[in-house]
Amino acid sequence: MKDENYSDSSLFSQLIDGIKPLKQDTHHFKQPVKPKQQFEFKERQIHVDSYFSDTYQPLLPVEGPMRWINDSADKLELKRLRRGDYSPDLLLDLHGLRQSEAKLELAALIQACVKQSSICCCVMHGFGTGILKQQLPLWLAQHPKVKAFHQAPKEWGGDAALLVLIDIGEQPHRR
């Protein structure tokens, strides 16, 4: 047994004779760059956590169509929303989403409106079990960029949707 090991090791020594060991390169590996999509998701998550609370209860109407207007907004804006003077530039369909997913999508919609200078958008919550229909106005009333919202006219979803008026800042806008 020892003789076999010895012959194997001598054979191995003969095979590697004259081979120089490799020098270690000084290549340092950098952190992988995070994809833009992952960065945007984290940014949306931060906005959702800072704006939307499930315990906040704004003063909303118990009868009639769902509506709300920010104290700093012109009261005439709510009437314009109700009449359909504003046509939404962006539409968001929340059918089939969980509450956590709906919050993320809602925050992304509001960011997109500000980025694209769209002052009006439509959020379709559907009927279903009514959870999103109940929670959506509570979330919208908390966001500082939301000026007002009103139940959508029939052509934009009626009872199953809300038209939302967004404050895009001092940029010129169209109606």
# chains A, B, ... in the order shown; residues from 1 in each chain; ligands from 1
>>> residues_around(residues="segment 157-170 of chain A", least_positions_apart="5", cutoff="6 Å", atoms="only C-alpha atoms", output="list of chain:residue names")
A:Val114, A:Ile119, A:Cys120, A:Cys121, A:Cys122, A:Val123, A:Met124, A:His125, A:Gly126, A:Phe127, A:Lys145, A:Val146, A:Lys147, A:Ala148, A:Phe149, A:His150, A:Gln151, A:Ala152
>>> select_by_dssp(residues="chain A", states="strand (DSSP E)", output="ChimeraX atom specification")
/A:67-69,90-93,120-124,146-151,161-166
>>> write_last_selection(atoms="N, CA, C and O atoms", output="JSON list (two decimals), in the first residue's frame")
[["chain", "number", "residue", "atom", "x", "y", "z"],
["A", 67, "ARG", "N", -66.74, 61.62, -2.22],
["A", 67, "ARG", "CA", -66.08, 62.84, -2.63],
["A", 67, "ARG", "C", -65.27, 63.40, -1.46],
["A", 67, "ARG", "O", -65.58, 63.13, -0.29],
["A", 68, "TRP", "N", -64.26, 64.17, -1.80],
["A", 68, "TRP", "CA", -63.41, 64.81, -0.79],
["A", 68, "TRP", "C", -62.62, 65.90, -1.46],
["A", 68, "TRP", "O", -62.25, 65.79, -2.63],
["A", 69, "ILE", "N", -62.36, 66.98, -0.75],
["A", 69, "ILE", "CA", -61.51, 68.05, -1.27],
["A", 69, "ILE", "C", -60.60, 68.54, -0.15],
["A", 69, "ILE", "O", -61.02, 68.65, 1.01],
["A", 90, "LEU", "N", -54.33, 59.48, -17.00],
["A", 90, "LEU", "CA", -53.83, 58.16, -16.60],
["A", 90, "LEU", "C", -54.94, 57.37, -15.93],
["A", 90, "LEU", "O", -55.74, 57.93, -15.17],
["A", 91, "LEU", "N", -54.96, 56.08, -16.19],
["A", 91, "LEU", "CA", -55.95, 55.18, -15.59],
["A", 91, "LEU", "C", -55.22, 54.10, -14.80],
["A", 91, "LEU", "O", -54.20, 53.59, -15.25],
["A", 92, "LEU", "N", -55.76, 53.76, -13.64],
["A", 92, "LEU", "CA", -55.20, 52.69, -12.83],
["A", 92, "LEU", "C", -56.31, 51.72, -12.48],
["A", 92, "LEU", "O", -57.32, 52.11, -11.90],
["A", 93, "ASP", "N", -56.13, 50.46, -12.84],
["A", 93, "ASP", "CA", -57.11, 49.42, -12.55],
["A", 93, "ASP", "C", -56.59, 48.57, -11.41],
["A", 93, "ASP", "O", -55.56, 47.90, -11.52],
["A", 120, "CYS", "N", -55.23, 65.11, -13.64],
["A", 120, "CYS", "CA", -56.37, 64.26, -13.34],
["A", 120, "CYS", "C", -56.07, 62.82, -13.74],
["A", 120, "CYS", "O", -55.49, 62.56, -14.79],
["A", 121, "CYS", "N", -56.47, 61.89, -12.87],
["A", 121, "CYS", "CA", -56.32, 60.47, -13.16],
["A", 121, "CYS", "C", -57.56, 59.74, -12.66],
["A", 121, "CYS", "O", -58.35, 60.28, -11.88],
["A", 122, "CYS", "N", -57.73, 58.52, -13.11],
["A", 122, "CYS", "CA", -58.87, 57.71, -12.73],
["A", 122, "CYS", "C", -58.37, 56.42, -12.08],
["A", 122, "CYS", "O", -57.50, 55.75, -12.63],
["A", 123, "VAL", "N", -58.91, 56.10, -10.92],
["A", 123, "VAL", "CA", -58.55, 54.87, -10.22],
["A", 123, "VAL", "C", -59.79, 53.99, -10.16],
["A", 123, "VAL", "O", -60.80, 54.37, -9.56],
["A", 124, "MET", "N", -59.70, 52.82, -10.79],
["A", 124, "MET", "CA", -60.82, 51.88, -10.81],
["A", 124, "MET", "C", -60.59, 50.82, -9.74],
["A", 124, "MET", "O", -59.64, 50.05, -9.82],
["A", 146, "VAL", "N", -52.73, 65.06, -3.44],
["A", 146, "VAL", "CA", -54.12, 64.89, -3.88],
["A", 146, "VAL", "C", -54.92, 66.11, -3.45],
["A", 146, "VAL", "O", -55.01, 66.43, -2.26],
["A", 147, "LYS", "N", -55.48, 66.83, -4.44],
["A", 147, "LYS", "CA", -56.29, 68.02, -4.15],
["A", 147, "LYS", "C", -57.73, 67.64, -3.86],
["A", 147, "LYS", "O", -58.37, 68.21, -2.98],
["A", 148, "ALA", "N", -58.26, 66.69, -4.65],
["A", 148, "ALA", "CA", -59.67, 66.30, -4.50],
["A", 148, "ALA", "C", -59.90, 64.98, -5.22],
["A", 148, "ALA", "O", -59.11, 64.58, -6.07],
["A", 149, "PHE", "N", -60.99, 64.31, -4.85],
["A", 149, "PHE", "CA", -61.44, 63.16, -5.62],
["A", 149, "PHE", "C", -62.95, 63.10, -5.55],
["A", 149, "PHE", "O", -63.58, 63.63, -4.63],
["A", 150, "HIS", "N", -63.54, 62.49, -6.57],
["A", 150, "HIS", "CA", -64.98, 62.36, -6.67],
["A", 150, "HIS", "C", -65.30, 61.07, -7.38],
["A", 150, "HIS", "O", -64.53, 60.61, -8.22],
["A", 151, "GLN", "N", -66.45, 60.50, -7.04],
["A", 151, "GLN", "CA", -66.90, 59.31, -7.76],
["A", 151, "GLN", "C", -66.93, 59.62, -9.25],
["A", 151, "GLN", "O", -67.39, 60.69, -9.67],
["A", 161, "ALA", "N", -65.25, 53.53, -9.56],
["A", 161, "ALA", "CA", -64.01, 54.27, -9.85],
["A", 161, "ALA", "C", -64.06, 55.66, -9.21],
["A", 161, "ALA", "O", -65.13, 56.17, -8.87],
["A", 162, "LEU", "N", -62.89, 56.25, -9.06],
["A", 162, "LEU", "CA", -62.77, 57.61, -8.54],
["A", 162, "LEU", "C", -61.92, 58.43, -9.50],
["A", 162, "LEU", "O", -60.91, 57.96, -10.01],
["A", 163, "LEU", "N", -62.36, 59.67, -9.75],
["A", 163, "LEU", "CA", -61.52, 60.64, -10.46],
["A", 163, "LEU", "C", -60.73, 61.40, -9.41],
["A", 163, "LEU", "O", -61.29, 61.88, -8.42],
["A", 164, "VAL", "N", -59.43, 61.52, -9.63],
["A", 164, "VAL", "CA", -58.55, 62.13, -8.64],
["A", 164, "VAL", "C", -57.87, 63.35, -9.27],
["A", 164, "VAL", "O", -57.34, 63.27, -10.37],
["A", 165, "LEU", "N", -57.90, 64.45, -8.55],
["A", 165, "LEU", "CA", -57.25, 65.69, -8.98],
["A", 165, "LEU", "C", -55.92, 65.81, -8.24],
["A", 165, "LEU", "O", -55.88, 65.77, -7.01],
["A", 166, "ILE", "N", -54.83, 65.93, -9.00],
["A", 166, "ILE", "CA", -53.49, 65.93, -8.43],
["A", 166, "ILE", "C", -52.89, 67.33, -8.48],
["A", 166, "ILE", "O", -53.04, 68.06, -9.46]]
>>> atom_distance(atom1="atom CA of Lys20 of chain A", atom2="atom CA of Asp8 of chain A")
20.9 Å
>>> select_by_dssp(residues="segment 81-131 of chain A", states="alpha helix (DSSP H)", output="ChimeraX atom specification")
/A:81-83,99-115,131
>>> write_last_selection(atoms="N, CA, C and O atoms", output="PDB file, in the first residue's frame")
ATOM      1  N   LEU A  81     -64.952  68.282 -11.092  1.00  0.00           N
ATOM      2  CA  LEU A  81     -64.717  66.832 -11.153  1.00  0.00           C
ATOM      3  C   LEU A  81     -66.036  66.083 -11.329  1.00  0.00           C
ATOM      4  O   LEU A  81     -66.146  65.165 -12.134  1.00  0.00           O
ATOM      5  N   ARG A  82     -67.035  66.482 -10.565  1.00  0.00           N
ATOM      6  CA  ARG A  82     -68.342  65.816 -10.615  1.00  0.00           C
ATOM      7  C   ARG A  82     -68.979  65.953 -11.991  1.00  0.00           C
ATOM      8  O   ARG A  82     -69.550  65.006 -12.526  1.00  0.00           O
ATOM      9  N   ARG A  83     -68.883  67.135 -12.579  1.00  0.00           N
ATOM     10  CA  ARG A  83     -69.489  67.376 -13.892  1.00  0.00           C
ATOM     11  C   ARG A  83     -68.738  66.687 -15.022  1.00  0.00           C
ATOM     12  O   ARG A  83     -69.257  66.573 -16.122  1.00  0.00           O
ATOM     13  N   GLN A  99     -54.415  44.734  -0.774  1.00  0.00           N
ATOM     14  CA  GLN A  99     -54.306  46.108  -0.274  1.00  0.00           C
ATOM     15  C   GLN A  99     -52.874  46.623  -0.373  1.00  0.00           C
ATOM     16  O   GLN A  99     -52.652  47.771  -0.775  1.00  0.00           O
ATOM     17  N   SER A 100     -51.896  45.805  -0.009  1.00  0.00           N
ATOM     18  CA  SER A 100     -50.495  46.246  -0.051  1.00  0.00           C
ATOM     19  C   SER A 100     -50.071  46.549  -1.483  1.00  0.00           C
ATOM     20  O   SER A 100     -49.368  47.538  -1.737  1.00  0.00           O
ATOM     21  N   GLU A 101     -50.500  45.726  -2.434  1.00  0.00           N
ATOM     22  CA  GLU A 101     -50.174  45.969  -3.843  1.00  0.00           C
ATOM     23  C   GLU A 101     -50.888  47.214  -4.354  1.00  0.00           C
ATOM     24  O   GLU A 101     -50.314  48.007  -5.108  1.00  0.00           O
ATOM     25  N   ALA A 102     -52.124  47.394  -3.922  1.00  0.00           N
ATOM     26  CA  ALA A 102     -52.899  48.561  -4.353  1.00  0.00           C
ATOM     27  C   ALA A 102     -52.259  49.862  -3.842  1.00  0.00           C
ATOM     28  O   ALA A 102     -52.225  50.858  -4.562  1.00  0.00           O
ATOM     29  N   LYS A 103     -51.746  49.846  -2.627  1.00  0.00           N
ATOM     30  CA  LYS A 103     -51.060  51.031  -2.089  1.00  0.00           C
ATOM     31  C   LYS A 103     -49.842  51.392  -2.928  1.00  0.00           C
ATOM     32  O   LYS A 103     -49.610  52.559  -3.240  1.00  0.00           O
ATOM     33  N   LEU A 104     -49.058  50.378  -3.284  1.00  0.00           N
ATOM     34  CA  LEU A 104     -47.870  50.619  -4.109  1.00  0.00           C
ATOM     35  C   LEU A 104     -48.254  51.211  -5.460  1.00  0.00           C
ATOM     36  O   LEU A 104     -47.634  52.160  -5.936  1.00  0.00           O
ATOM     37  N   GLU A 105     -49.268  50.641  -6.075  1.00  0.00           N
ATOM     38  CA  GLU A 105     -49.696  51.117  -7.391  1.00  0.00           C
ATOM     39  C   GLU A 105     -50.252  52.533  -7.305  1.00  0.00           C
ATOM     40  O   GLU A 105     -50.037  53.347  -8.199  1.00  0.00           O
ATOM     41  N   LEU A 106     -50.980  52.828  -6.239  1.00  0.00           N
ATOM     42  CA  LEU A 106     -51.546  54.160  -6.054  1.00  0.00           C
ATOM     43  C   LEU A 106     -50.436  55.202  -5.887  1.00  0.00           C
ATOM     44  O   LEU A 106     -50.491  56.282  -6.497  1.00  0.00           O
ATOM     45  N   ALA A 107     -49.433  54.884  -5.084  1.00  0.00           N
ATOM     46  CA  ALA A 107     -48.299  55.802  -4.909  1.00  0.00           C
ATOM     47  C   ALA A 107     -47.570  56.017  -6.232  1.00  0.00           C
ATOM     48  O   ALA A 107     -47.179  57.136  -6.563  1.00  0.00           O
ATOM     49  N   ALA A 108     -47.412  54.943  -7.002  1.00  0.00           N
ATOM     50  CA  ALA A 108     -46.742  55.051  -8.308  1.00  0.00           C
ATOM     51  C   ALA A 108     -47.564  55.905  -9.271  1.00  0.00           C
ATOM     52  O   ALA A 108     -47.001  56.690 -10.048  1.00  0.00           O
ATOM     53  N   LEU A 109     -48.879  55.770  -9.219  1.00  0.00           N
ATOM     54  CA  LEU A 109     -49.748  56.572 -10.085  1.00  0.00           C
ATOM     55  C   LEU A 109     -49.611  58.061  -9.766  1.00  0.00           C
ATOM     56  O   LEU A 109     -49.487  58.892 -10.675  1.00  0.00           O
ATOM     57  N   ILE A 110     -49.622  58.402  -8.501  1.00  0.00           N
ATOM     58  CA  ILE A 110     -49.526  59.810  -8.099  1.00  0.00           C
ATOM     59  C   ILE A 110     -48.167  60.378  -8.508  1.00  0.00           C
ATOM     60  O   ILE A 110     -48.082  61.493  -9.030  1.00  0.00           O
ATOM     61  N   GLN A 111     -47.107  59.590  -8.338  1.00  0.00           N
ATOM     62  CA  GLN A 111     -45.779  60.022  -8.771  1.00  0.00           C
ATOM     63  C   GLN A 111     -45.750  60.225 -10.282  1.00  0.00           C
ATOM     64  O   GLN A 111     -45.173  61.196 -10.775  1.00  0.00           O
ATOM     65  N   ALA A 112     -46.363  59.317 -11.014  1.00  0.00           N
ATOM     66  CA  ALA A 112     -46.387  59.412 -12.480  1.00  0.00           C
ATOM     67  C   ALA A 112     -47.151  60.652 -12.926  1.00  0.00           C
ATOM     68  O   ALA A 112     -46.752  61.325 -13.891  1.00  0.00           O
ATOM     69  N   CYS A 113     -48.248  60.957 -12.234  1.00  0.00           N
ATOM     70  CA  CYS A 113     -49.022  62.165 -12.567  1.00  0.00           C
ATOM     71  C   CYS A 113     -48.181  63.417 -12.388  1.00  0.00           C
ATOM     72  O   CYS A 113     -48.189  64.309 -13.248  1.00  0.00           O
ATOM     73  N   VAL A 114     -47.454  63.503 -11.291  1.00  0.00           N
ATOM     74  CA  VAL A 114     -46.613  64.673 -11.038  1.00  0.00           C
ATOM     75  C   VAL A 114     -45.501  64.748 -12.079  1.00  0.00           C
ATOM     76  O   VAL A 114     -45.232  65.808 -12.644  1.00  0.00           O
ATOM     77  N   LYS A 115     -44.890  63.611 -12.372  1.00  0.00           N
ATOM     78  CA  LYS A 115     -43.786  63.561 -13.331  1.00  0.00           C
ATOM     79  C   LYS A 115     -44.241  63.940 -14.736  1.00  0.00           C
ATOM     80  O   LYS A 115     -43.532  64.621 -15.463  1.00  0.00           O
ATOM     81  N   ILE A 131     -63.473  46.061  -0.178  1.00  0.00           N
ATOM     82  CA  ILE A 131     -62.356  46.486   0.674  1.00  0.00           C
ATOM     83  C   ILE A 131     -61.586  47.629   0.033  1.00  0.00           C
ATOM     84  O   ILE A 131     -61.319  48.643   0.679  1.00  0.00           O
TER      85      ILE A 131
END
>>> atom_distance(atom1="atom CA of Asp89 of chain A", atom2="atom CA of Ser118 of chain A")
6.1 Å
